[in-house]
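Heads up, final_31.txt below (compact mmCIF, C-alpha atoms):
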# COMPACT_ATOMS: atom_id res chain seq x y z
CA MET A 1359 -168.63 -28.48 113.83
CA THR A 1360 -165.28 -29.93 114.87
CA GLU A 1361 -162.10 -27.88 114.71
CA GLN A 1362 -160.32 -28.23 111.37
CA LYS A 1363 -156.67 -29.19 111.16
CA PRO A 1364 -154.40 -26.99 109.06
CA LEU A 1365 -153.36 -28.22 105.64
CA ARG A 1366 -149.67 -29.13 105.62
CA ILE A 1367 -147.88 -29.27 102.27
CA GLY A 1368 -144.27 -30.02 103.03
CA GLU A 1369 -142.95 -27.04 104.97
CA LEU A 1370 -146.01 -24.94 104.07
CA THR A 1371 -148.76 -24.71 106.67
CA VAL A 1372 -152.13 -23.44 105.48
CA PRO A 1373 -154.27 -22.41 108.50
CA LEU A 1374 -157.44 -23.84 106.96
CA PRO A 1375 -157.75 -26.96 104.76
CA LEU A 1376 -159.10 -24.83 101.92
CA ILE A 1377 -158.08 -24.08 98.36
CA GLN A 1378 -160.03 -21.49 96.40
CA GLY A 1379 -160.58 -22.97 92.96
CA GLY A 1380 -159.05 -21.28 89.96
CA MET A 1381 -161.71 -19.75 87.70
CA GLY A 1382 -160.51 -18.44 84.39
CA VAL A 1383 -160.78 -15.26 82.38
CA GLY A 1384 -161.24 -12.64 85.04
CA VAL A 1385 -163.10 -14.49 87.79
CA SER A 1386 -160.29 -15.48 90.19
CA LEU A 1387 -157.55 -12.89 89.99
CA SER A 1388 -155.70 -11.01 92.73
CA GLY A 1389 -158.80 -9.71 94.51
CA LEU A 1390 -160.39 -13.06 95.27
CA ALA A 1391 -157.13 -15.00 95.70
CA GLY A 1392 -155.72 -12.36 98.04
CA ALA A 1393 -158.87 -12.30 100.17
CA VAL A 1394 -158.93 -16.09 100.56
CA ALA A 1395 -155.23 -16.22 101.42
CA LYS A 1396 -155.68 -13.40 103.93
CA ASN A 1397 -158.39 -15.40 105.65
CA GLY A 1398 -156.46 -18.63 105.99
CA GLY A 1399 -156.88 -20.58 102.75
CA ILE A 1400 -154.86 -20.97 99.56
CA GLY A 1401 -155.74 -18.32 97.00
CA LEU A 1402 -155.39 -19.31 93.35
CA ILE A 1403 -155.12 -16.95 90.41
CA SER A 1404 -156.21 -18.48 87.12
CA THR A 1405 -153.79 -17.92 84.26
CA ALA A 1406 -156.47 -18.54 81.60
CA GLN A 1407 -156.32 -15.39 79.45
CA ILE A 1408 -155.34 -13.48 82.57
CA GLY A 1409 -154.29 -10.42 80.57
CA PHE A 1410 -157.52 -9.96 78.61
CA ARG A 1411 -158.05 -6.41 79.88
CA ASP A 1412 -154.53 -5.28 79.00
CA PRO A 1413 -154.21 -3.02 75.91
CA GLU A 1414 -151.58 -5.35 74.44
CA PHE A 1415 -153.66 -8.52 74.77
CA ARG A 1416 -155.17 -8.65 71.27
CA LYS A 1417 -151.78 -8.13 69.64
CA ASN A 1418 -149.69 -10.43 71.84
CA PRO A 1419 -152.01 -12.54 73.99
CA ILE A 1420 -149.54 -15.04 75.44
CA GLU A 1421 -146.75 -12.57 76.17
CA THR A 1422 -149.30 -10.26 77.77
CA ASN A 1423 -150.65 -13.08 79.91
CA LEU A 1424 -147.15 -14.03 81.09
CA ARG A 1425 -146.43 -10.44 82.13
CA VAL A 1426 -149.77 -9.94 83.87
CA MET A 1427 -149.29 -13.11 85.93
CA LYS A 1428 -146.53 -11.41 87.95
CA GLU A 1429 -148.61 -8.23 88.27
CA GLU A 1430 -151.62 -10.12 89.65
CA LEU A 1431 -149.56 -12.18 92.08
CA ASP A 1432 -147.90 -9.02 93.40
CA LYS A 1433 -151.34 -7.44 93.95
CA ALA A 1434 -152.52 -10.52 95.80
CA ARG A 1435 -149.39 -10.47 97.99
CA ALA A 1436 -150.17 -6.86 98.91
CA ILE A 1437 -153.60 -8.02 100.14
CA ALA A 1438 -152.25 -11.09 101.97
CA PRO A 1439 -148.53 -10.55 102.74
CA GLY A 1440 -148.22 -13.76 104.74
CA GLY A 1441 -150.76 -15.80 102.82
CA ILE A 1442 -150.32 -18.85 100.60
CA LEU A 1443 -150.85 -17.90 96.95
CA GLY A 1444 -150.45 -19.63 93.63
CA PHE A 1445 -151.73 -20.21 90.12
CA ASN A 1446 -154.13 -22.59 88.46
CA ILE A 1447 -152.66 -23.46 85.04
CA MET A 1448 -154.48 -25.65 82.53
CA VAL A 1449 -152.35 -28.30 80.85
CA ALA A 1450 -154.42 -27.70 77.72
CA THR A 1451 -153.07 -24.14 77.54
CA ARG A 1452 -150.97 -23.29 74.53
CA ARG A 1453 -147.31 -22.89 75.60
CA TYR A 1454 -148.08 -24.50 78.93
CA GLU A 1455 -144.40 -24.72 79.87
CA ASP A 1456 -143.99 -20.96 79.54
CA TYR A 1457 -146.92 -20.33 81.88
CA VAL A 1458 -145.43 -22.71 84.45
CA LYS A 1459 -142.05 -20.99 84.26
CA ALA A 1460 -143.66 -17.56 84.59
CA ALA A 1461 -145.49 -18.74 87.72
CA LEU A 1462 -142.25 -20.07 89.20
CA LYS A 1463 -140.33 -16.89 88.46
CA ALA A 1464 -143.15 -14.78 89.89
CA GLY A 1465 -142.74 -16.61 93.22
CA ALA A 1466 -145.89 -18.72 93.42
CA ASP A 1467 -146.17 -20.86 96.53
CA ILE A 1468 -148.10 -23.54 94.62
CA ILE A 1469 -149.15 -24.49 91.10
CA VAL A 1470 -152.39 -26.42 90.71
CA SER A 1471 -152.69 -27.92 87.25
CA GLY A 1472 -155.45 -29.83 85.46
CA ALA A 1473 -157.45 -29.89 82.20
CA GLY A 1474 -155.07 -32.62 81.10
CA LEU A 1475 -152.42 -34.54 83.02
CA PRO A 1476 -149.33 -32.47 83.94
CA VAL A 1477 -146.93 -35.36 83.35
CA ASP A 1478 -143.86 -33.14 82.84
CA LEU A 1479 -144.57 -30.47 85.46
CA PRO A 1480 -141.62 -31.53 87.68
CA LYS A 1481 -139.21 -31.04 84.78
CA TYR A 1482 -140.27 -27.43 84.35
CA ALA A 1483 -140.18 -26.73 88.10
CA LYS A 1484 -136.78 -28.24 88.88
CA GLY A 1485 -134.81 -26.04 91.28
CA PHE A 1486 -137.83 -24.17 92.62
CA LYS A 1487 -139.55 -24.60 95.99
CA THR A 1488 -143.01 -24.06 94.52
CA LYS A 1489 -145.38 -26.89 95.46
CA LEU A 1490 -146.83 -28.91 92.59
CA ALA A 1491 -150.42 -30.15 92.68
CA PRO A 1492 -151.94 -32.11 89.79
CA ILE A 1493 -155.70 -32.29 89.40
CA VAL A 1494 -157.09 -35.77 88.75
CA SER A 1495 -160.61 -37.11 88.35
CA SER A 1496 -160.03 -40.86 88.49
CA LEU A 1497 -157.98 -43.55 90.19
CA LYS A 1498 -156.38 -44.33 86.83
CA ALA A 1499 -155.19 -40.73 86.40
CA ALA A 1500 -153.85 -40.54 89.97
CA LYS A 1501 -151.87 -43.75 89.57
CA LEU A 1502 -150.51 -42.63 86.20
CA ILE A 1503 -149.28 -39.29 87.55
CA CYS A 1504 -147.59 -40.94 90.53
CA LYS A 1505 -146.01 -43.59 88.30
CA LEU A 1506 -144.70 -41.17 85.67
CA TRP A 1507 -143.37 -38.60 88.17
CA ASP A 1508 -141.62 -41.39 90.05
CA ARG A 1509 -140.12 -43.01 86.95
CA ARG A 1510 -139.16 -39.87 85.05
CA TYR A 1511 -138.29 -37.41 87.81
CA GLN A 1512 -137.88 -39.45 91.02
CA THR A 1513 -140.45 -37.37 92.83
CA THR A 1514 -144.12 -37.24 93.79
CA PRO A 1515 -146.81 -34.57 93.79
CA ASP A 1516 -146.79 -32.29 96.83
CA LEU A 1517 -150.59 -32.33 96.90
CA ILE A 1518 -153.31 -33.85 94.75
CA VAL A 1519 -156.68 -32.30 93.94
CA ILE A 1520 -159.50 -34.69 93.07
CA GLU A 1521 -162.00 -32.80 90.93
CA GLY A 1522 -165.32 -34.59 90.85
CA PRO A 1523 -168.23 -34.57 88.40
CA LYS A 1524 -170.02 -31.68 90.17
CA ALA A 1525 -167.25 -29.19 89.42
CA GLY A 1526 -167.59 -26.16 87.16
CA GLY A 1527 -166.02 -25.37 83.81
CA HIS A 1528 -164.23 -28.05 81.81
CA LEU A 1529 -164.65 -31.48 83.37
CA GLY A 1530 -162.38 -34.50 83.34
CA PHE A 1531 -165.19 -36.89 82.44
CA SER A 1532 -166.99 -38.06 79.34
CA GLU A 1533 -170.66 -37.20 79.03
CA GLU A 1534 -171.48 -40.85 79.67
CA GLU A 1535 -169.46 -40.87 82.90
CA LEU A 1536 -171.24 -37.74 84.08
CA LYS A 1537 -174.55 -39.56 83.67
CA THR A 1538 -173.49 -42.75 85.45
CA TYR A 1539 -171.61 -41.48 88.51
CA THR A 1540 -173.62 -41.13 91.72
CA ASP A 1541 -172.47 -39.38 94.91
CA GLU A 1542 -171.91 -42.77 96.50
CA SER A 1543 -170.01 -44.34 93.60
CA TYR A 1544 -167.74 -41.33 93.17
CA GLU A 1545 -166.97 -41.21 96.88
CA GLU A 1546 -165.75 -44.78 96.57
CA GLU A 1547 -163.48 -43.59 93.75
CA ILE A 1548 -162.20 -40.79 96.00
CA LYS A 1549 -161.35 -43.27 98.76
CA LYS A 1550 -159.45 -45.45 96.29
CA ILE A 1551 -157.51 -42.42 95.04
CA ILE A 1552 -156.63 -41.45 98.62
CA CYS A 1553 -155.26 -44.95 99.26
CA ALA A 1554 -153.24 -44.90 96.04
CA VAL A 1555 -151.78 -41.48 96.89
CA ARG A 1556 -150.81 -42.69 100.37
CA GLU A 1557 -148.90 -45.57 98.77
CA CYS A 1558 -147.22 -43.13 96.39
CA GLY A 1559 -146.08 -41.00 99.31
CA ASP A 1560 -144.87 -43.94 101.39
CA LYS A 1561 -142.12 -44.72 98.87
CA TYR A 1562 -140.65 -41.27 99.45
CA GLN A 1563 -141.60 -41.10 103.15
CA LYS A 1564 -143.70 -38.09 102.23
CA ASN A 1565 -147.21 -37.06 103.22
CA ILE A 1566 -149.20 -36.05 100.14
CA PRO A 1567 -152.41 -34.25 101.13
CA VAL A 1568 -155.51 -34.98 99.06
CA VAL A 1569 -158.01 -32.19 98.49
CA VAL A 1570 -161.49 -32.82 97.06
CA ALA A 1571 -163.23 -30.41 94.67
CA GLY A 1572 -166.62 -30.28 92.96
CA GLY A 1573 -169.93 -29.68 94.69
CA ILE A 1574 -168.46 -28.31 97.94
CA TYR A 1575 -170.78 -25.50 98.95
CA ASP A 1576 -171.38 -25.39 102.71
CA GLY A 1577 -170.09 -26.59 106.05
CA GLN A 1578 -171.93 -29.88 105.82
CA ASP A 1579 -170.14 -30.67 102.55
CA VAL A 1580 -166.79 -29.81 104.13
CA GLN A 1581 -167.43 -31.98 107.18
CA HIS A 1582 -168.54 -34.88 105.02
CA MET A 1583 -165.51 -34.81 102.74
CA ILE A 1584 -162.96 -34.38 105.51
CA GLY A 1585 -164.62 -36.21 108.38
CA GLU A 1586 -166.28 -39.10 106.55
CA VAL A 1587 -164.70 -39.54 103.12
CA GLY A 1588 -161.17 -38.93 104.45
CA ALA A 1589 -159.91 -35.96 102.43
CA ASP A 1590 -157.31 -33.62 103.91
CA GLY A 1591 -159.07 -30.54 102.59
CA VAL A 1592 -161.50 -29.10 100.08
CA GLN A 1593 -161.30 -26.88 97.03
CA VAL A 1594 -164.18 -24.42 96.59
CA GLY A 1595 -164.91 -22.31 93.52
CA THR A 1596 -168.57 -21.55 92.86
CA ARG A 1597 -169.36 -20.37 96.40
CA PHE A 1598 -166.74 -17.62 96.07
CA VAL A 1599 -168.14 -16.19 92.83
CA THR A 1600 -170.89 -14.28 94.61
CA THR A 1601 -168.55 -12.54 97.05
CA LYS A 1602 -167.70 -8.87 97.05
CA GLU A 1603 -164.04 -9.74 96.63
CA CYS A 1604 -164.50 -11.89 93.50
CA ASP A 1605 -162.89 -10.21 90.50
CA ALA A 1606 -165.86 -10.82 88.18
CA PRO A 1607 -168.22 -7.85 87.63
CA MET A 1608 -171.63 -7.63 89.29
CA SER A 1609 -173.38 -8.58 86.03
CA TYR A 1610 -171.62 -11.96 86.17
CA LYS A 1611 -172.49 -12.50 89.82
CA GLU A 1612 -176.12 -11.59 89.17
CA ARG A 1613 -176.41 -14.42 86.63
CA TYR A 1614 -175.47 -16.82 89.42
CA LEU A 1615 -178.00 -15.22 91.75
CA ARG A 1616 -180.78 -15.56 89.15
CA ALA A 1617 -179.93 -19.12 88.11
CA ARG A 1618 -182.35 -21.93 88.92
CA GLU A 1619 -181.34 -25.54 89.30
CA ALA A 1620 -182.72 -26.31 85.84
CA ASP A 1621 -180.43 -23.64 84.37
CA ILE A 1622 -177.27 -25.55 85.31
CA VAL A 1623 -176.44 -27.70 82.30
CA ILE A 1624 -173.67 -29.73 80.70
CA THR A 1625 -172.45 -28.27 77.43
CA LYS A 1626 -169.63 -29.04 75.03
CA SER A 1627 -166.86 -26.50 74.66
CA PRO A 1628 -165.53 -25.64 71.17
CA VAL A 1629 -162.66 -28.08 71.68
CA GLY A 1630 -165.01 -30.95 72.44
CA MET A 1631 -164.60 -31.12 76.22
CA PRO A 1632 -167.77 -31.33 78.32
CA GLY A 1633 -168.27 -28.49 80.77
CA ARG A 1634 -170.87 -27.17 83.21
CA ALA A 1635 -172.41 -23.76 82.62
CA ILE A 1636 -175.48 -21.61 83.19
CA ARG A 1637 -178.05 -21.88 80.40
CA ASN A 1638 -178.55 -18.64 78.45
CA SER A 1639 -179.35 -17.66 74.88
CA PHE A 1640 -175.70 -18.15 73.91
CA LEU A 1641 -175.77 -21.86 74.72
CA THR A 1642 -178.82 -22.50 72.57
CA ALA A 1643 -177.75 -20.33 69.61
CA ASP A 1644 -176.41 -21.57 66.27
CA HIS A 1645 -172.85 -20.23 66.09
CA THR A 1646 -171.91 -21.69 62.73
CA GLN A 1647 -172.37 -18.41 60.84
CA GLU A 1648 -170.71 -16.19 63.41
CA LYS A 1649 -167.90 -13.90 62.42
CA ARG A 1650 -164.71 -14.96 64.20
CA PRO A 1651 -162.50 -12.43 65.99
CA GLN A 1652 -159.57 -11.41 63.82
CA GLY A 1653 -156.53 -13.40 64.83
CA CYS A 1654 -156.38 -16.41 67.14
CA LEU A 1655 -156.05 -15.51 70.80
CA GLN A 1656 -153.80 -18.50 71.50
CA CYS A 1657 -155.69 -20.04 74.41
CA LEU A 1658 -155.96 -23.83 74.01
CA GLU A 1659 -153.33 -26.06 72.43
CA LYS A 1660 -155.77 -28.29 70.53
CA CYS A 1661 -158.06 -25.56 69.21
CA ASN A 1662 -158.29 -25.19 65.43
CA PRO A 1663 -159.88 -21.78 64.68
CA ALA A 1664 -161.10 -23.01 61.30
CA GLN A 1665 -163.16 -25.81 62.83
CA ILE A 1666 -164.56 -24.52 66.13
CA PRO A 1667 -168.18 -23.30 66.39
CA TYR A 1668 -167.12 -20.20 68.34
CA CYS A 1669 -164.08 -18.67 70.05
CA ILE A 1670 -164.09 -19.78 73.67
CA THR A 1671 -161.89 -16.87 74.76
CA GLN A 1672 -164.34 -14.36 73.33
CA ALA A 1673 -167.27 -16.17 74.94
CA LEU A 1674 -165.57 -16.12 78.34
CA VAL A 1675 -164.45 -12.50 77.97
CA ASN A 1676 -168.07 -11.58 77.19
CA ALA A 1677 -169.05 -13.17 80.51
CA VAL A 1678 -166.94 -10.70 82.48
CA THR A 1679 -167.52 -7.61 80.33
CA GLU A 1680 -171.26 -7.02 80.83
CA LYS A 1681 -172.31 -9.27 77.90
CA THR A 1682 -173.69 -12.23 79.82
CA GLU A 1683 -176.26 -13.25 77.20
CA LEU A 1684 -173.47 -13.52 74.62
CA ALA A 1685 -171.27 -15.51 76.94
CA LEU A 1686 -170.23 -18.90 78.20
CA LEU A 1687 -170.98 -18.78 81.95
CA PHE A 1688 -169.08 -21.64 83.56
CA CYS A 1689 -170.28 -22.70 87.01
CA GLY A 1690 -170.37 -25.58 89.48
CA SER A 1691 -173.39 -27.77 90.11
CA ASN A 1692 -174.50 -25.69 93.11
CA ALA A 1693 -174.48 -22.27 91.43
CA TYR A 1694 -178.29 -22.08 91.73
CA ARG A 1695 -177.93 -22.06 95.53
CA SER A 1696 -176.33 -18.61 95.43
CA ASN A 1697 -178.90 -16.14 96.70
CA GLN A 1698 -176.93 -13.17 98.04
CA ILE A 1699 -173.67 -11.29 97.73
CA GLU A 1700 -171.40 -12.33 100.61
CA THR A 1701 -167.86 -11.62 101.71
CA VAL A 1702 -164.96 -14.06 101.66
CA PRO A 1703 -164.71 -14.07 105.49
CA ARG A 1704 -168.43 -14.84 105.74
CA VAL A 1705 -168.17 -17.74 103.28
CA ILE A 1706 -165.17 -19.19 105.10
CA SER A 1707 -167.03 -18.83 108.39
CA ASP A 1708 -169.91 -20.86 106.97
CA LEU A 1709 -167.62 -23.49 105.47
CA PHE A 1710 -165.61 -24.11 108.63
CA GLY A 1711 -167.85 -22.96 111.46
CA ILE A 1712 -165.41 -20.32 112.67
CA ALA A 1713 -165.92 -16.75 113.77
CA CYS A 1714 -166.16 -14.35 110.85
CA ASN A 1715 -163.34 -11.82 110.68
CA PRO A 1716 -164.57 -9.01 108.41
CA ALA A 1717 -161.15 -7.32 108.36

Could you express the structure from this file as C-alpha cells?
Amino acid sequence: MTEQKPLRIGELTVPLPLIQGGMGVGVSLSGLAGAVAKNGGIGLISTAQIGFRDPEFRKNPIETNLRVMKEELDKARAIAPGGILGFNIMVATRRYEDYVKAALKAGADIIVSGAGLPVDLPKYAKGFKTKLAPIVSSLKAAKLICKLWDRRYQTTPDLIVIEGPKAGGHLGFSEEELKTYTDESYEEEIKKIICAVRECGDKYQKNIPVVVAGGIYDGQDVQHMIGEVGADGVQVGTRFVTTKECDAPMSYKERYLRAREADIVITKSPVGMPGRAIRNSFLTADHTQEKRPQGCLQCLEKCNPAQIPYCITQALVNAVTEKTELALLFCGSNAYRSNQIETVPRVISDLFGIACNPA
C-alpha cells in the first residue's frame, strides 16, 4: 500500500486522509472521536440527541443537547489534545442554527453537515475559523452549494464530503435511485463532483479537498477511492462501530457482529427519508398503535408527532440502552462484515497499511 498524503484543509493538516463519520444518538461521542483524532484522523461527535443520557434531557432536550456538546468536545480534547475534532450536525435538526453556533463557541475545528443542504452555514459561522464541510450526494447538490455560497456569502466550502448510496443512516437518495446506482455509475458521479468542486475552488484560488463516504471498509476501498477515483480522503463510520473505543454499548456492537448480509436493509424513517439499518423485530412491527412518549423530543424540523408511525429519537435511544430489538439500528452496507471487536488504532492500521500504535 502506498504512503498516504495528509489531508490539508486550509491551514489545518490532518496526518491521515480520514474522517470518522458522525453517528447519532450515542454512537460517536467523545470516546470514539477522541480516539480517531489521537491516531491521526478527524474525529466527529454527532450532535443528534447528544444529551439523551443527561437527567435534564426529557424536560429540555435542545438546551440539554447544546450544553452537552461542549462537554463532549472537551472530553475528546482531553483524549487527543493536538487532534482535529469537530461535530456532525444534520441540517434537518430542529433549531439547526443554534447547534451550529454551539459548535462554533465550543471551539470545533470543523463542522460536517448533511441530511439536507446547509445553504446558510457560512452566515452562522461568520467570524470563526472553524472549517465548514457540506455533505452532498449528487453533482447537482455540489454545484448548488458552491453556487449559493459564492453568491450569498462570497465564499466556498473548506471541504466537501460525498456520501454515496452505501452509507448508513439517513441517505440522500430516493428509493428508486438506491436501486439504480451501481458502483461504476456512482463513481462516475463522484468524478464529476470532484471536477465541479475544483472549478469552485479555482475562483477563490483555494484547494477544496473532497472526501468520499459510504461503503469504505478496508484498505482496498481506501486505495481505490484515493488512488483510482481521485478523492483526497475517505470518511468511515460503520467500521468504527465495533471498536472498543466506540461510545455505543456492547449490546449495540453485538448486533453488528451477528448481522448477516441479508439483514442489512433499506427502511423508511418516520419522516419519510430512506435509511439503511439492521433488520430486527422493530423494523417489521406495526407501530400504528404504539403509545408515544410524552412530549416531543424536538429532534427533526419536519417531524409531526401526530402523524409519525413512531418516535425516531426513542427508537435510536433504545438502540444504545440495551433494547436492541425495540430499536432502529442504523448501519452502513458493510455492517455484516464486522466479525470481531477491534481497537481504533487497529482499524486505522488496516485502512492505511501503517503500523498499529496501541497507545

Practice prompt. One decimal, Å: what's the distance from CA of Arg1616 in chain A over to CA of Leu1709 in chain A, could you say?
Written response: 22.4 Å

Worksheet item: From the list A:Ser1691, A:Ser1627, A:Thr1488, A:Asn1397, which residue is nearest Gly1465 in chain A when using all atoms listed in the file?
Response: A:Thr1488

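If you measure from each of A:Lys1561, A:Lys1396, A:Arg1695, A:His1528 to Tyr1575 in chain A using all atoms listed in the file, the closest one turns out to be A:Arg1695.
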
Could the residues of range 1452-1500 of chain A that have an atom at most 12 Å from range 1567-1574 of chain A be listed as CSV, each with its closest atom pair and the distance in Å to one decimal, counting only C-alpha atoms and ordered by chain and ascending residue number?
residue,atom,partner,partner_atom,distance
A:Val1470,CA,A:Val1569,CA,11.2
A:Lys1489,CA,A:Pro1567,CA,11.7
A:Leu1490,CA,A:Pro1567,CA,11.5
A:Ala1491,CA,A:Val1568,CA,9.5
A:Pro1492,CA,A:Val1568,CA,10.3
A:Ile1493,CA,A:Val1569,CA,9.4
A:Val1494,CA,A:Val1570,CA,9.9
A:Ser1495,CA,A:Ala1571,CA,9.6
A:Ser1496,CA,A:Val1570,CA,11.8
A:Ala1500,CA,A:Val1568,CA,10.8

Worksheet item: Near range 1620-1626 of chain A, within 8 Å and counting only C-alpha atoms, which residues show up once chain neighbours fewer than 4 positions away are dropped, as a ChimeraX atom specification?
Response: /A:1630-1638,1641,1689,1691,1693-1694

Worksheet entry | Counting only C-alpha atoms, the residue of A:Gly1591, A:Gly1522, A:Gly1368, A:Pro1375 that sits nearest Glu1546 in chain A |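 Closest residue, counting only C-alpha atoms: A:Gly1522.
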
Worksheet entry | Pairwise distance for CA of Arg1435 in chain A and CA of Gly1392 in chain A, rounded to one decimal in Å |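 Between these atoms lies a distance of 6.6 Å.
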
Worksheet entry | Coordinates-based distance that separates CA of Gly1444 in chain A from CA of Ala1466 in chain A (Å, one decimal) | 4.7 Å

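By chain and then residue number, the residues within 10 Å of Lys1463 in chain A are Lys1428, Tyr1457, Val1458, Lys1459, Ala1460, Ala1461, Gly1465, Ala1466, Ala1483, Phe1486 and Thr1488 of chain A, counting only C-alpha atoms and disregarding those fewer than 2 positions away in sequence.
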
Response to the item:
Counting only C-alpha atoms, closest pick from A:Tyr1610, A:Tyr1511, A:Phe1598, A:Phe1688 relative to Val1705 in chain A is A:Phe1598

Item to complete: Point out the residue among A:Pro1419, A:Gly1588, A:Gly1690, A:Gly1409 with the least atom-to-atom distance to Ile1552 in chain A, counting only C-alpha atoms.
Response: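 The answer is A:Gly1588, which sits nearest to Ile1552 in chain A.
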
Discussion item. Set the distance at 12 Å and use all atoms listed in the file: which residues neighbour Ala1685 in chain A once local chain neighbours fewer than 4 positions away are removed? I'd like the list as an MDAnalysis selection string.
Written reply: chainID A and resid 1383 1609:1610 1613 1635:1643 1645 1668:1681

Item to complete: Considering only C-alpha atoms, return as a list in words whatever protein or nucleic-acid residues lie within 6 Å of Cys1604 in chain A, sequence-local ones (same chain, fewer than 3 positions apart) excluded.
Response: Leu1390, Val1599 and Thr1601 of chain A

Range 1437-1471 of chain A from the block above, C-alpha atoms, as an mmCIF file, in the first residue's frame, please?
data_model
loop_
_atom_site.group_PDB
_atom_site.id
_atom_site.type_symbol
_atom_site.label_atom_id
_atom_site.label_comp_id
_atom_site.auth_asym_id
_atom_site.auth_seq_id
_atom_site.Cartn_x
_atom_site.Cartn_y
_atom_site.Cartn_z
ATOM 1 C CA ILE A 1437 -8.071 12.281 24.820
ATOM 2 C CA ALA A 1438 -6.478 13.969 21.782
ATOM 3 C CA PRO A 1439 -5.034 17.359 22.845
ATOM 4 C CA GLY A 1440 -3.460 18.033 19.459
ATOM 5 C CA GLY A 1441 -6.037 16.254 17.342
ATOM 6 C CA ILE A 1442 -8.557 17.601 14.830
ATOM 7 C CA LEU A 1443 -12.076 17.397 16.264
ATOM 8 C CA GLY A 1444 -15.491 18.595 15.210
ATOM 9 C CA PHE A 1445 -19.203 17.953 15.005
ATOM 10 C CA ASN A 1446 -21.555 16.338 12.544
ATOM 11 C CA ILE A 1447 -24.763 18.405 12.530
ATOM 12 C CA MET A 1448 -27.816 17.434 10.494
ATOM 13 C CA VAL A 1449 -29.468 20.267 8.585
ATOM 14 C CA ALA A 1450 -32.785 18.564 9.322
ATOM 15 C CA THR A 1451 -32.246 19.174 13.042
ATOM 16 C CA ARG A 1452 -34.724 21.446 14.745
ATOM 17 C CA ARG A 1453 -33.016 24.775 15.615
ATOM 18 C CA TYR A 1454 -30.108 23.891 13.362
ATOM 19 C CA GLU A 1455 -28.609 27.378 13.646
ATOM 20 C CA ASP A 1456 -28.349 27.054 17.426
ATOM 21 C CA TYR A 1457 -26.465 23.763 17.117
ATOM 22 C CA VAL A 1458 -24.031 25.342 14.653
ATOM 23 C CA LYS A 1459 -23.422 28.296 16.964
ATOM 24 C CA ALA A 1460 -22.903 25.989 19.940
ATOM 25 C CA ALA A 1461 -20.306 24.032 17.946
ATOM 26 C CA LEU A 1462 -18.511 27.236 16.992
ATOM 27 C CA LYS A 1463 -18.473 28.554 20.550
ATOM 28 C CA ALA A 1464 -17.260 25.192 21.845
ATOM 29 C CA GLY A 1465 -14.192 25.513 19.599
ATOM 30 C CA ALA A 1466 -14.804 22.858 16.952
ATOM 31 C CA ASP A 1467 -12.110 22.591 14.301
ATOM 32 C CA ILE A 1468 -14.656 21.533 11.679
ATOM 33 C CA ILE A 1469 -18.404 21.190 11.157
ATOM 34 C CA VAL A 1470 -19.591 18.488 8.760
ATOM 35 C CA SER A 1471 -23.226 18.977 7.831
#
